[in-house]
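Chemist: mmCIF, C-alpha atoms and all ligand atoms, file run-v1.cif:
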```cif
data_target
loop_
_atom_site.group_PDB
_atom_site.id
_atom_site.type_symbol
_atom_site.label_atom_id
_atom_site.label_comp_id
_atom_site.auth_asym_id
_atom_site.auth_seq_id
_atom_site.Cartn_x
_atom_site.Cartn_y
_atom_site.Cartn_z
ATOM 1 C CA MET A 1 0.000 0.000 0.000
ATOM 2 C CA SER A 2 1.440 3.381 -0.910
ATOM 3 C CA GLU A 3 2.044 5.930 1.814
ATOM 4 C CA ALA A 4 -0.583 8.645 1.775
ATOM 5 C CA GLY A 5 0.784 12.175 1.204
ATOM 6 C CA ALA A 6 -0.628 15.488 2.373
ATOM 7 C CA LEU A 7 -4.334 16.240 2.340
ATOM 8 C CA PRO A 8 -5.766 19.550 1.061
ATOM 9 C CA PRO A 9 -5.285 22.240 3.755
ATOM 10 C CA GLY A 10 -8.978 22.273 4.706
ATOM 11 C CA VAL A 11 -9.176 18.523 5.332
ATOM 12 C CA ARG A 12 -7.901 16.868 8.536
ATOM 13 C CA PHE A 13 -8.070 13.150 9.129
ATOM 14 C CA ILE A 14 -8.064 11.944 12.728
ATOM 15 C CA GLU A 15 -7.457 8.216 12.818
ATOM 16 C CA ARG A 16 -9.031 6.495 15.809
ATOM 17 C CA ASP A 17 -9.411 2.786 16.473
ATOM 18 C CA TRP A 18 -12.010 0.025 16.226
ATOM 19 C CA LEU A 19 -14.058 1.384 19.112
ATOM 20 C CA SER A 20 -14.398 4.907 17.733
ATOM 21 C CA ALA A 21 -14.738 5.649 14.038
ATOM 22 C CA ASN A 22 -12.256 8.078 12.479
ATOM 23 C CA HIS A 23 -13.112 11.778 12.288
ATOM 24 C CA ILE A 24 -12.705 14.004 9.266
ATOM 25 C CA LEU A 25 -12.557 17.737 9.930
ATOM 26 C CA LEU A 26 -13.460 20.045 7.040
ATOM 27 C CA VAL A 27 -12.059 23.408 8.025
ATOM 28 C CA ASP A 28 -13.528 26.672 6.723
ATOM 29 C CA PRO A 29 -12.778 30.273 7.751
ATOM 30 C CA ASP A 30 -16.080 30.643 9.632
ATOM 31 C CA SER A 31 -16.346 27.183 11.280
ATOM 32 C CA THR A 32 -15.464 23.521 10.852
ATOM 33 C CA THR A 33 -17.580 20.554 9.767
ATOM 34 C CA MET A 34 -16.917 17.273 11.536
ATOM 35 C CA VAL A 35 -17.713 13.961 9.861
ATOM 36 C CA ASP A 36 -18.449 11.241 12.457
ATOM 37 C CA THR A 37 -17.793 11.577 16.166
ATOM 38 C CA GLY A 38 -16.739 8.175 17.573
ATOM 39 C CA PHE A 39 -18.076 6.040 20.401
ATOM 40 C CA VAL A 40 -19.514 7.506 23.605
ATOM 41 C CA LYS A 41 -16.921 6.010 25.934
ATOM 42 C CA HIS A 42 -14.133 8.065 24.419
ATOM 43 C CA ALA A 43 -16.079 11.280 23.828
ATOM 44 C CA PRO A 44 -13.732 13.328 26.088
ATOM 45 C CA MET A 45 -10.792 12.100 24.011
ATOM 46 C CA THR A 46 -12.698 13.004 20.854
ATOM 47 C CA LEU A 47 -13.159 16.571 22.070
ATOM 48 C CA ALA A 48 -9.470 16.813 22.960
ATOM 49 C CA LEU A 49 -8.319 15.416 19.602
ATOM 50 C CA VAL A 50 -10.519 17.862 17.713
ATOM 51 C CA GLU A 51 -9.216 20.758 19.767
ATOM 52 C CA ALA A 52 -5.612 19.703 19.124
ATOM 53 C CA ALA A 53 -6.201 19.255 15.387
ATOM 54 C CA LEU A 54 -7.584 22.798 15.108
ATOM 55 C CA ALA A 55 -5.256 24.479 17.612
ATOM 56 C CA SER A 56 -3.315 26.459 15.016
ATOM 57 C CA ASP A 57 -6.380 27.560 13.033
ATOM 58 C CA PRO A 58 -8.005 30.996 13.501
ATOM 59 C CA PRO A 59 -10.571 31.033 16.338
ATOM 60 C CA PRO A 60 -13.741 30.810 14.160
ATOM 61 C CA SER A 61 -12.379 27.641 12.501
ATOM 62 C CA ARG A 62 -11.816 26.037 15.888
ATOM 63 C CA ARG A 63 -15.546 25.850 16.415
ATOM 64 C CA ILE A 64 -17.392 22.805 15.066
ATOM 65 C CA GLY A 65 -20.377 24.362 13.309
ATOM 66 C CA ARG A 66 -21.818 21.181 11.899
ATOM 67 C CA ILE A 67 -21.602 17.442 12.407
ATOM 68 C CA ILE A 68 -22.347 15.201 9.459
ATOM 69 C CA ASN A 69 -22.781 11.500 10.179
ATOM 70 C CA THR A 70 -22.129 8.952 7.446
ATOM 71 C CA HIS A 71 -24.456 6.627 9.347
ATOM 72 C CA LEU A 72 -25.786 6.289 12.860
ATOM 73 C CA HIS A 73 -23.954 3.290 14.273
ATOM 74 C CA SER A 74 -22.836 3.846 17.848
ATOM 75 C CA ASP A 75 -19.157 4.129 16.896
ATOM 76 C CA HIS A 76 -19.877 6.917 14.384
ATOM 77 C CA CYS A 77 -22.291 9.163 16.293
ATOM 78 C CA GLY A 78 -21.604 8.343 19.955
ATOM 79 C CA GLY A 79 -19.764 11.657 20.352
ATOM 80 C CA ASN A 80 -22.523 13.758 18.754
ATOM 81 C CA ALA A 81 -24.086 14.802 22.068
ATOM 82 C CA ALA A 82 -20.727 15.814 23.575
ATOM 83 C CA VAL A 83 -19.557 17.731 20.490
ATOM 84 C CA ARG A 84 -22.891 19.517 20.287
ATOM 85 C CA GLU A 85 -22.778 20.429 23.949
ATOM 86 C CA ARG A 86 -19.274 21.848 23.599
ATOM 87 C CA HIS A 87 -19.651 23.571 20.226
ATOM 88 C CA GLY A 88 -23.380 24.213 19.805
ATOM 89 C CA CYS A 89 -23.212 22.754 16.305
ATOM 90 C CA ARG A 90 -26.023 21.590 14.083
ATOM 91 C CA ILE A 91 -26.275 17.895 13.330
ATOM 92 C CA THR A 92 -26.907 16.467 9.882
ATOM 93 C CA VAL A 93 -27.747 12.785 9.415
ATOM 94 C CA PRO A 94 -28.496 10.630 6.363
ATOM 95 C CA VAL A 95 -32.023 11.308 5.157
ATOM 96 C CA ALA A 96 -33.024 7.658 5.591
ATOM 97 C CA SER A 97 -32.147 7.844 9.309
ATOM 98 C CA PHE A 98 -33.588 11.289 10.014
ATOM 99 C CA ALA A 99 -37.011 10.293 11.387
ATOM 100 C CA SER A 100 -35.576 7.487 13.542
ATOM 101 C CA ALA A 101 -33.011 9.860 15.045
ATOM 102 C CA ARG A 102 -35.537 12.679 15.563
ATOM 103 C CA ASP A 103 -37.887 10.280 17.390
ATOM 104 C CA TRP A 104 -34.948 8.441 18.974
ATOM 105 C CA ASN A 105 -36.316 5.088 17.913
ATOM 106 C CA ILE A 106 -33.592 2.837 19.303
ATOM 107 C CA ASP A 107 -34.991 -0.166 17.471
ATOM 108 C CA ALA A 108 -34.758 1.522 14.072
ATOM 109 C CA LEU A 109 -31.390 2.990 15.080
ATOM 110 C CA THR A 110 -30.254 -0.576 15.950
ATOM 111 C CA TYR A 111 -28.912 0.265 19.433
ATOM 112 C CA ARG A 112 -31.157 -2.344 20.993
ATOM 113 C CA TYR A 113 -30.359 -4.808 18.196
ATOM 114 C CA THR A 114 -26.592 -4.522 18.691
ATOM 115 C CA GLY A 115 -26.762 -4.026 22.475
ATOM 116 C CA GLN A 116 -24.557 -0.939 22.092
ATOM 117 C CA PRO A 117 -25.137 2.343 23.932
ATOM 118 C CA CYS A 118 -25.411 5.732 22.214
ATOM 119 C CA PRO A 119 -26.455 8.947 23.971
ATOM 120 C CA ARG A 120 -29.418 10.747 22.452
ATOM 121 C CA PHE A 121 -28.705 13.796 20.323
ATOM 122 C CA PRO A 122 -31.024 16.158 18.440
ATOM 123 C CA VAL A 123 -30.963 16.303 14.641
ATOM 124 C CA ASP A 124 -31.300 19.466 12.603
ATOM 125 C CA ASP A 125 -31.238 18.404 8.993
ATOM 126 C CA ALA A 126 -30.834 15.525 6.595
ATOM 127 C CA LEU A 127 -28.466 14.760 3.751
ATOM 128 C CA ALA A 128 -29.807 12.792 0.788
ATOM 129 C CA PRO A 129 -27.941 10.782 -1.843
ATOM 130 C CA GLY A 130 -27.132 13.052 -4.785
ATOM 131 C CA GLU A 131 -27.067 16.205 -2.651
ATOM 132 C CA ASP A 132 -23.895 18.214 -2.422
ATOM 133 C CA PHE A 133 -22.443 20.637 0.106
ATOM 134 C CA HIS A 134 -19.311 22.752 0.474
ATOM 135 C CA ALA A 135 -16.936 22.213 3.372
ATOM 136 C CA GLY A 136 -13.208 22.381 3.903
ATOM 137 C CA GLY A 137 -12.843 24.386 0.694
ATOM 138 C CA LEU A 138 -14.228 21.480 -1.351
ATOM 139 C CA ARG A 139 -17.499 20.378 -2.893
ATOM 140 C CA TRP A 140 -18.751 17.054 -1.540
ATOM 141 C CA VAL A 141 -21.436 14.836 -3.023
ATOM 142 C CA ALA A 142 -23.327 12.303 -0.903
ATOM 143 C CA HIS A 143 -23.838 8.818 -2.338
ATOM 144 C CA ALA A 144 -25.990 6.021 -0.948
ATOM 145 C CA ALA A 145 -23.850 3.165 0.362
ATOM 146 C CA PRO A 146 -26.117 0.320 1.517
ATOM 147 C CA GLY A 147 -24.620 -3.063 2.418
ATOM 148 C CA HIS A 148 -23.129 -2.525 5.877
ATOM 149 C CA ASP A 149 -26.025 -0.220 6.785
ATOM 150 C CA PRO A 150 -28.939 0.306 4.376
ATOM 151 C CA GLU A 151 -29.060 3.999 5.361
ATOM 152 C CA SER A 152 -25.353 4.841 5.134
ATOM 153 C CA LEU A 153 -23.816 7.514 2.951
ATOM 154 C CA VAL A 154 -20.315 7.957 1.587
ATOM 155 C CA LEU A 155 -19.068 11.454 0.744
ATOM 156 C CA PHE A 156 -17.055 12.197 -2.378
ATOM 157 C CA ALA A 157 -15.142 15.349 -3.298
ATOM 158 C CA PRO A 158 -14.776 14.901 -7.083
ATOM 159 C CA GLU A 159 -12.324 17.738 -7.715
ATOM 160 C CA ALA A 160 -9.943 16.544 -5.003
ATOM 161 C CA GLY A 161 -10.578 12.831 -5.639
ATOM 162 C CA LEU A 162 -11.254 12.252 -1.932
ATOM 163 C CA LEU A 163 -13.778 9.710 -0.699
ATOM 164 C CA ILE A 164 -15.019 9.469 2.886
ATOM 165 C CA SER A 165 -15.967 5.812 2.705
ATOM 166 C CA ALA A 166 -17.371 5.148 6.225
ATOM 167 C CA ASP A 167 -17.660 1.358 6.687
ATOM 168 C CA ALA A 168 -18.232 0.597 3.006
ATOM 169 C CA LEU A 169 -14.509 0.201 2.266
ATOM 170 C CA TRP A 170 -11.463 0.064 4.502
ATOM 171 C CA ALA A 171 -7.863 -0.594 3.505
ATOM 172 C CA ASN A 172 -8.571 -4.189 4.433
ATOM 173 C CA GLY A 173 -12.222 -5.086 4.160
ATOM 174 C CA PHE A 174 -15.508 -3.435 5.157
ATOM 175 C CA GLY A 175 -18.071 -3.507 7.961
ATOM 176 C CA ILE A 176 -20.364 -6.416 8.823
ATOM 177 C CA LEU A 177 -23.263 -6.672 6.368
ATOM 178 C CA PHE A 178 -25.970 -6.396 9.023
ATOM 179 C CA PRO A 179 -28.976 -6.892 6.702
ATOM 180 C CA GLU A 180 -27.703 -10.361 5.763
ATOM 181 C CA LEU A 181 -27.792 -11.403 9.415
ATOM 182 C CA GLN A 182 -31.433 -10.348 9.528
ATOM 183 C CA GLY A 183 -32.341 -12.409 6.470
ATOM 184 C CA GLU A 184 -32.284 -9.430 4.150
ATOM 185 C CA SER A 185 -30.025 -8.553 1.284
ATOM 186 C CA GLY A 186 -26.531 -7.151 1.928
ATOM 187 C CA PHE A 187 -24.041 -8.969 -0.280
ATOM 188 C CA THR A 188 -25.689 -7.614 -3.439
ATOM 189 C CA GLU A 189 -25.697 -4.052 -2.105
ATOM 190 C CA GLN A 190 -22.074 -4.291 -0.976
ATOM 191 C CA ARG A 191 -21.101 -5.564 -4.404
ATOM 192 C CA ALA A 192 -22.809 -2.527 -5.959
ATOM 193 C CA VAL A 193 -21.156 -0.126 -3.490
ATOM 194 C CA LEU A 194 -17.719 -1.439 -4.430
ATOM 195 C CA GLY A 195 -18.691 -0.889 -8.073
ATOM 196 C CA LEU A 196 -19.811 2.650 -7.233
ATOM 197 C CA ILE A 197 -16.513 3.430 -5.493
ATOM 198 C CA GLU A 198 -14.599 2.047 -8.450
ATOM 199 C CA SER A 199 -16.625 4.221 -10.842
ATOM 200 C CA LEU A 200 -16.025 7.350 -8.759
ATOM 201 C CA ALA A 201 -12.301 6.629 -9.123
ATOM 202 C CA PRO A 202 -11.169 8.325 -5.903
ATOM 203 C CA ARG A 203 -7.464 9.010 -5.571
ATOM 204 C CA ARG A 204 -7.553 8.729 -1.806
ATOM 205 C CA ILE A 205 -9.889 7.109 0.684
ATOM 206 C CA LEU A 206 -10.583 8.362 4.196
ATOM 207 C CA PRO A 207 -12.195 5.279 5.751
ATOM 208 C CA GLY A 208 -14.330 4.939 8.875
ATOM 209 C CA HIS A 209 -11.657 2.811 10.561
ATOM 210 C CA GLY A 210 -7.960 2.298 9.945
ATOM 211 C CA PRO A 211 -5.500 4.449 7.993
ATOM 212 C CA MET A 212 -6.278 6.511 4.918
ATOM 213 C CA PHE A 213 -4.958 5.008 1.721
ATOM 214 C CA ASP A 214 -4.313 5.736 -1.943
ATOM 215 C CA ASP A 215 -4.157 2.275 -3.457
ATOM 216 C CA VAL A 216 -7.882 2.094 -4.021
ATOM 217 C CA ALA A 217 -7.789 -0.629 -6.670
ATOM 218 C CA ALA A 218 -5.971 -3.021 -4.344
ATOM 219 C CA ALA A 219 -8.395 -2.278 -1.485
ATOM 220 C CA ILE A 220 -11.372 -2.928 -3.758
ATOM 221 C CA GLU A 221 -9.821 -6.185 -4.894
ATOM 222 C CA ARG A 222 -9.295 -7.305 -1.283
ATOM 223 C CA ALA A 223 -12.844 -6.293 -0.389
ATOM 224 C CA ARG A 224 -14.259 -8.174 -3.372
ATOM 225 C CA GLY A 225 -12.330 -11.293 -2.423
ATOM 226 C CA ARG A 226 -13.694 -11.150 1.101
ATOM 227 C CA LEU A 227 -17.206 -10.341 -0.071
ATOM 228 C CA GLU A 228 -17.385 -13.215 -2.524
ATOM 229 C CA SER A 229 -16.062 -15.736 -0.020
ATOM 230 C CA MET A 230 -18.719 -14.603 2.470
ATOM 231 C CA ALA A 231 -21.482 -14.566 -0.134
ATOM 232 C CA ALA A 232 -20.522 -18.126 -1.044
ATOM 233 C CA ASP A 233 -20.678 -19.137 2.636
ATOM 234 C CA PRO A 234 -23.019 -16.848 4.616
ATOM 235 C CA GLN A 235 -22.327 -18.852 7.778
ATOM 236 C CA ARG A 236 -18.750 -17.677 7.549
ATOM 237 C CA HIS A 237 -19.995 -14.084 7.461
ATOM 238 C CA ALA A 238 -22.147 -14.784 10.535
ATOM 239 C CA ARG A 239 -19.217 -16.315 12.444
ATOM 240 C CA HIS A 240 -17.082 -13.314 11.534
ATOM 241 C CA ALA A 241 -19.870 -10.963 12.669
ATOM 242 C CA MET A 242 -20.191 -12.781 15.988
ATOM 243 C CA LYS A 243 -16.485 -12.396 16.744
ATOM 244 C CA VAL A 244 -16.485 -8.747 15.671
ATOM 245 C CA MET A 245 -19.423 -7.917 17.930
ATOM 246 C CA ILE A 246 -18.015 -9.683 20.989
ATOM 247 C CA LYS A 247 -14.615 -8.087 20.378
ATOM 248 C CA TYR A 248 -16.341 -4.708 20.125
ATOM 249 C CA ARG A 249 -18.096 -5.323 23.415
ATOM 250 C CA LEU A 250 -14.780 -6.227 25.068
ATOM 251 C CA LEU A 251 -13.212 -3.072 23.665
ATOM 252 C CA TYR A 252 -15.684 -0.922 25.556
ATOM 253 C CA MET A 253 -16.369 -3.109 28.597
ATOM 254 C CA GLU A 254 -12.641 -3.985 28.910
ATOM 255 C CA SER A 255 -13.510 -6.845 31.257
ATOM 256 C CA GLU A 256 -16.671 -8.627 32.391
ATOM 257 C CA THR A 257 -17.978 -12.037 33.416
ATOM 258 C CA ILE A 258 -19.391 -14.374 30.803
ATOM 259 C CA ALA A 259 -22.633 -14.432 32.816
ATOM 260 C CA GLY A 260 -22.758 -10.643 32.760
ATOM 261 C CA MET A 261 -22.191 -10.563 29.029
ATOM 262 C CA ARG A 262 -24.917 -13.153 28.484
ATOM 263 C CA ALA A 263 -27.363 -11.147 30.601
ATOM 264 C CA GLU A 264 -26.525 -7.837 28.928
ATOM 265 C CA LEU A 265 -26.831 -9.232 25.424
ATOM 266 C CA ALA A 266 -29.970 -11.293 26.116
ATOM 267 C CA GLY A 267 -32.160 -8.644 24.479
ATOM 268 C CA ALA A 268 -29.911 -7.999 21.486
ATOM 269 C CA GLY A 269 -31.568 -9.270 18.309
ATOM 270 C CA PHE A 270 -28.148 -9.431 16.728
ATOM 271 C CA LEU A 271 -27.182 -12.310 19.001
ATOM 272 C CA THR A 272 -30.339 -14.277 18.226
ATOM 273 C CA ASP A 273 -29.847 -13.764 14.496
ATOM 274 C CA VAL A 274 -26.199 -14.763 14.468
ATOM 275 C CA ALA A 275 -26.725 -17.746 16.752
ATOM 276 C CA ARG A 276 -29.397 -18.990 14.354
ATOM 277 C CA TRP A 277 -26.988 -18.622 11.447
ATOM 278 C CA ILE A 278 -24.230 -20.564 13.130
ATOM 279 C CA GLY A 279 -26.608 -23.188 14.500
ATOM 280 C CA MET A 280 -26.078 -22.637 18.234
ATOM 281 C CA ASP A 281 -28.140 -21.263 21.075
ATOM 282 C CA THR A 282 -27.163 -17.763 22.134
ATOM 283 C CA ASP A 283 -25.114 -18.787 25.199
ATOM 284 C CA ALA A 284 -23.168 -21.320 23.158
ATOM 285 C CA ALA A 285 -22.569 -18.707 20.460
ATOM 286 C CA ILE A 286 -21.100 -16.329 23.047
ATOM 287 C CA ASP A 287 -18.877 -19.107 24.418
ATOM 288 C CA TRP A 288 -17.758 -19.988 20.909
ATOM 289 C CA ALA A 289 -16.858 -16.370 20.093
ATOM 290 C CA VAL A 290 -15.027 -15.897 23.397
ATOM 291 C CA ASP A 291 -13.005 -19.063 22.800
ATOM 292 C CA ALA A 292 -12.173 -17.941 19.257
ATOM 293 C CA LEU A 293 -11.011 -14.516 20.506
ATOM 294 C CA VAL A 294 -8.911 -16.087 23.264
ATOM 295 C CA GLU A 295 -7.358 -18.446 20.754
ATOM 296 C CA SER A 296 -6.428 -15.610 18.383
ATOM 297 C CA GLY A 297 -4.952 -13.525 21.217
ATOM 298 C CA GLN A 298 -7.679 -10.841 21.137
ATOM 299 C CA ALA A 299 -9.036 -11.676 24.591
ATOM 300 C CA VAL A 300 -7.918 -13.370 27.777
ATOM 301 C CA ARG A 301 -10.006 -15.531 30.048
ATOM 302 C CA ASP A 302 -9.511 -15.748 33.787
ATOM 303 C CA GLY A 303 -12.043 -18.212 35.155
ATOM 304 C CA GLU A 304 -15.486 -16.729 34.581
ATOM 305 C CA ARG A 305 -14.060 -13.351 33.615
ATOM 306 C CA ILE A 306 -13.136 -12.341 30.108
ATOM 307 C CA ALA A 307 -10.989 -9.321 29.293
ATOM 308 C CA ASN A 308 -10.007 -7.482 26.163
ATOM 309 C CA ARG A 309 -6.501 -7.851 24.830
ATOM 310 C CA GLY A 310 -4.797 -5.869 22.089
HETATM 311 ZN ZN ZN B 401 -21.027 1.098 10.941
#
```
Can you turn what I pasted into structure tokens?
Modeler:
Amino acid sequence: MSEAGALPPGVRFIERDWLSANHILLVDPDSTTMVDTGFVKHAPMTLALVEAALASDPPPSRRIGRIINTHLHSDHCGGNAAVRERHGCRITVPVASFASARDWNIDALTYRYTGQPCPRFPVDDALAPGEDFHAGGLRWVAHAAPGHDPESLVLFAPEAGLLISADALWANGFGILFPELQGESGFTEQRAVLGLIESLAPRRILPGHGPMFDDVAAAIERARGRLESMAADPQRHARHAMKVMIKYRLLYMESETIAGMRAELAGAGFLTDVARWIGMDTDAAIDWAVDALVESGQAVRDGERIANRG
């Protein structure tokens, strides 16, 4: 993968981790637009990172005037409430998610389904596929990016060749295709999204997780390989999803008992869906995922207690 060079002066990329999605700051003379705000647990760190990234900009640019969320998963909008409280910004969400967010329908927003917390935030406006906006000195066009999340957007700046790809394409893969776990279509949509990204021909990708990258063709090829192997064996996708979700839980819980995890996730539809896919009951599915994570060095078990590692 080639090393990414400098971004345009109005674009700042803050790489986070697997708990919090990356942030992209689009800096203008009168205020800054922030794309995605991370997971609630690390909201204080998010505020500090934003402040540091804008420290040498003129005072008006240091204020976040607008948040735009690519989608409303807990790791992408968990910092919305904190950023809004600090900066008094408006919040823009994908049009398909607007009503659910306005009414704070945690079923439609999938927070109950995934068992992941996200503090409520107000929404001010919606961004629709095909709409454009100016931020960071660039024109950005929103594109629908279903697959990982039917309501997700990716944001493309055609003149600069920059794509904010959310969880539709990372340097190495893409996000879980949640609709497939629920018996709906996701592989087909993800295939189309990879085709869309290829047709946009971005020169650089600012992904939702992991480093930014320029070798887009290679990333698309890796993603296609992974997608087709999962589409050919949906159980494999479900097993992968189960490990990802338990790892995610360990990232934010850090440590908990297996019994506690079972109790906390008892109401999460995700667990029921995945367990059905992999042919286990929900407790057995949790045990299986924990064992797999311990075996691959991503978790450690101490009696009844399981802790994150790495
Ligand atoms: Zn996501």
Chemist: Once the PyMOL selection byres (((not hetatm)) within 10 of (chain B and resi 401)) is applied to the coordinates I shared, what remains selected? I want it as a PDB file with C-alpha atoms, in the frame of the given file.
Modeler:
```pdb
ATOM      1  CA  ALA A  21     -14.738   5.649  14.038  1.00  0.00           C
ATOM      2  CA  THR A  70     -22.129   8.952   7.446  1.00  0.00           C
ATOM      3  CA  HIS A  71     -24.456   6.627   9.347  1.00  0.00           C
ATOM      4  CA  LEU A  72     -25.786   6.289  12.860  1.00  0.00           C
ATOM      5  CA  HIS A  73     -23.954   3.290  14.273  1.00  0.00           C
ATOM      6  CA  SER A  74     -22.836   3.846  17.848  1.00  0.00           C
ATOM      7  CA  ASP A  75     -19.157   4.129  16.896  1.00  0.00           C
ATOM      8  CA  HIS A  76     -19.877   6.917  14.384  1.00  0.00           C
ATOM      9  CA  CYS A  77     -22.291   9.163  16.293  1.00  0.00           C
ATOM     10  CA  HIS A 148     -23.129  -2.525   5.877  1.00  0.00           C
ATOM     11  CA  ASP A 149     -26.025  -0.220   6.785  1.00  0.00           C
ATOM     12  CA  SER A 152     -25.353   4.841   5.134  1.00  0.00           C
ATOM     13  CA  ALA A 166     -17.371   5.148   6.225  1.00  0.00           C
ATOM     14  CA  ASP A 167     -17.660   1.358   6.687  1.00  0.00           C
ATOM     15  CA  ALA A 168     -18.232   0.597   3.006  1.00  0.00           C
ATOM     16  CA  PHE A 174     -15.508  -3.435   5.157  1.00  0.00           C
ATOM     17  CA  GLY A 175     -18.071  -3.507   7.961  1.00  0.00           C
ATOM     18  CA  ILE A 176     -20.364  -6.416   8.823  1.00  0.00           C
ATOM     19  CA  LEU A 177     -23.263  -6.672   6.368  1.00  0.00           C
ATOM     20  CA  PHE A 178     -25.970  -6.396   9.023  1.00  0.00           C
ATOM     21  CA  GLY A 208     -14.330   4.939   8.875  1.00  0.00           C
ATOM     22  CA  HIS A 209     -11.657   2.811  10.561  1.00  0.00           C
TER      23      HIS A 209
END
```
Chemist: Expanded to explicit residues, what is the PyMOL selection byres (((chain A and resi 45-60) around 12) and not hetatm) for this file, as a count of residues only?
Modeler: 53
Chemist: Pick out the residues sitting within 8 Å of A:Arg90, and hand them over as an MDAnalysis selection string; count all atoms listed in the file, and ignore anything fewer than 6 positions along from it in its own chain.
Modeler: chainID A and resid 65:67 84 123:125
Chemist: Report the centre and edge lengths, in Å to one decimal, of an axis-aligned box enclosing every atom of stretch 286-305 of chain A listed in the file, padded by 8 Å on each side, as AutoDock Vina command-line options.
Modeler:
```
--center_x -13.0 --center_y -15.4 --center_z 26.8 --size_x 32.1 --size_y 25.1 --size_z 32.8
```
Chemist: Give me the result of the PyMOL selection byres (((chain A and resi 300-305) around 12) and not hetatm) on this file, residue by residue, as a ChimeraX atom specification.
Modeler: /A:247,250,253-262,287,290-299,306-310
Chemist: Can you pull out every residue within 8 Å of stretch 266-278 of chain A, counting only C-alpha atoms, but drop anything in the same chain fewer than 4 positions away, and send it as an mmCIF file with C-alpha atoms, in the coordinates of the input?
Modeler:
```cif
data_model
loop_
_atom_site.group_PDB
_atom_site.id
_atom_site.type_symbol
_atom_site.label_atom_id
_atom_site.label_comp_id
_atom_site.auth_asym_id
_atom_site.auth_seq_id
_atom_site.Cartn_x
_atom_site.Cartn_y
_atom_site.Cartn_z
ATOM 1 C CA ARG A 112 -31.157 -2.344 20.993
ATOM 2 C CA TYR A 113 -30.359 -4.808 18.196
ATOM 3 C CA THR A 114 -26.592 -4.522 18.691
ATOM 4 C CA GLY A 115 -26.762 -4.026 22.475
ATOM 5 C CA LEU A 181 -27.792 -11.403 9.415
ATOM 6 C CA GLN A 182 -31.433 -10.348 9.528
ATOM 7 C CA GLN A 235 -22.327 -18.852 7.778
ATOM 8 C CA ALA A 238 -22.147 -14.784 10.535
ATOM 9 C CA ARG A 239 -19.217 -16.315 12.444
ATOM 10 C CA ALA A 241 -19.870 -10.963 12.669
ATOM 11 C CA MET A 242 -20.191 -12.781 15.988
ATOM 12 C CA ARG A 262 -24.917 -13.153 28.484
ATOM 13 C CA THR A 282 -27.163 -17.763 22.134
ATOM 14 C CA ALA A 285 -22.569 -18.707 20.460
#
```
Chemist: When you draw a straight line from atom CA of A:Leu162 to atom CA of A:Asp214, how long is it in Å?
Modeler: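 Calculated distance between atom CA of A:Leu162 and atom CA of A:Asp214 is 9.5 Å.
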Chemist: Kindly give the distance, in Å, that separates atom CA of A:Ser97 and atom CA of A:Arg204, rounded to a single decimal.
Modeler: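 That distance, rounded to one decimal, is 27.0 Å.
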Chemist: To one decimal place, how far is atom CA of A:Ala6 from atom CA of A:Ala142 in Å?
Modeler: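 Value for the atom CA of A:Ala6-atom CA of A:Ala142 distance: 23.2 Å.
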Chemist: Write out as a list in words each polymer residue whose atoms come within 8 Å of A:Arg224, counting all atoms listed in the file; drop sequence neighbours fewer than 4 positions from it.
Modeler: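 Here the answer would be Arg191, Leu194, Ile220 and Glu228 of chain A.
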Chemist: Restricted to C-alpha atoms, what would the selected residues look like written as a PDB file, keeping the file's coordinate frame?
Modeler:
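Below is the file out_8.pdb, written as the result:
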```pdb
ATOM      1  CA  ARG A 191     -21.101  -5.564  -4.404  1.00  0.00           C
ATOM      2  CA  LEU A 194     -17.719  -1.439  -4.430  1.00  0.00           C
ATOM      3  CA  ILE A 220     -11.372  -2.928  -3.758  1.00  0.00           C
ATOM      4  CA  GLU A 228     -17.385 -13.215  -2.524  1.00  0.00           C
TER       5      GLU A 228
END
```
Chemist: Can you pull out the residues contacting A:Ser165? Cut-off 9 Å, using all atoms listed in the file, and skip same-chain residues under 2 positions away; I want them as a list in words.
Modeler: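 Skipping anything fewer than 2 positions along the chain leaves Thr70, Ala145, Leu153, Val154, Leu155, Phe156, Leu163, Asp167, Ala168, Leu169, Trp170, Ile197, Ile205, Leu206, Pro207 and Gly208 of chain A.
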Chemist: Leaving out stretch 225-227 of chain A and any residue of its chain fewer than 4 positions from it, which residues lie within 7 Å of it when counting only C-alpha atoms, given as a compact mmCIF listing (two decimals) with C-alpha atoms, in the frame of the given file?
Modeler:
```
# COMPACT_ATOMS: atom_id res chain seq x y z
CA GLY A 173 -12.22 -5.09 4.16
CA PHE A 187 -24.04 -8.97 -0.28
CA GLU A 221 -9.82 -6.18 -4.89
CA ALA A 231 -21.48 -14.57 -0.13
```
Chemist: Which residue gives the smallest distance to A:Val193 among A:His143, A:Val95, A:Ile106, A:Pro117, with all atoms listed in the file counted?
Modeler: A:His143
Chemist: Which residue, A:Pro234, A:Pro94, A:Gly136, A:Pro119, has the smallest gap to A:Ile68 when you use all atoms listed in the file?
Modeler: A:Pro94
Chemist: Nearest to A:Ala160 among A:Ala126, A:Ala99, A:Leu200, A:Ile246, with distances taken over only C-alpha atoms: which residue is it?
Modeler: A:Leu200
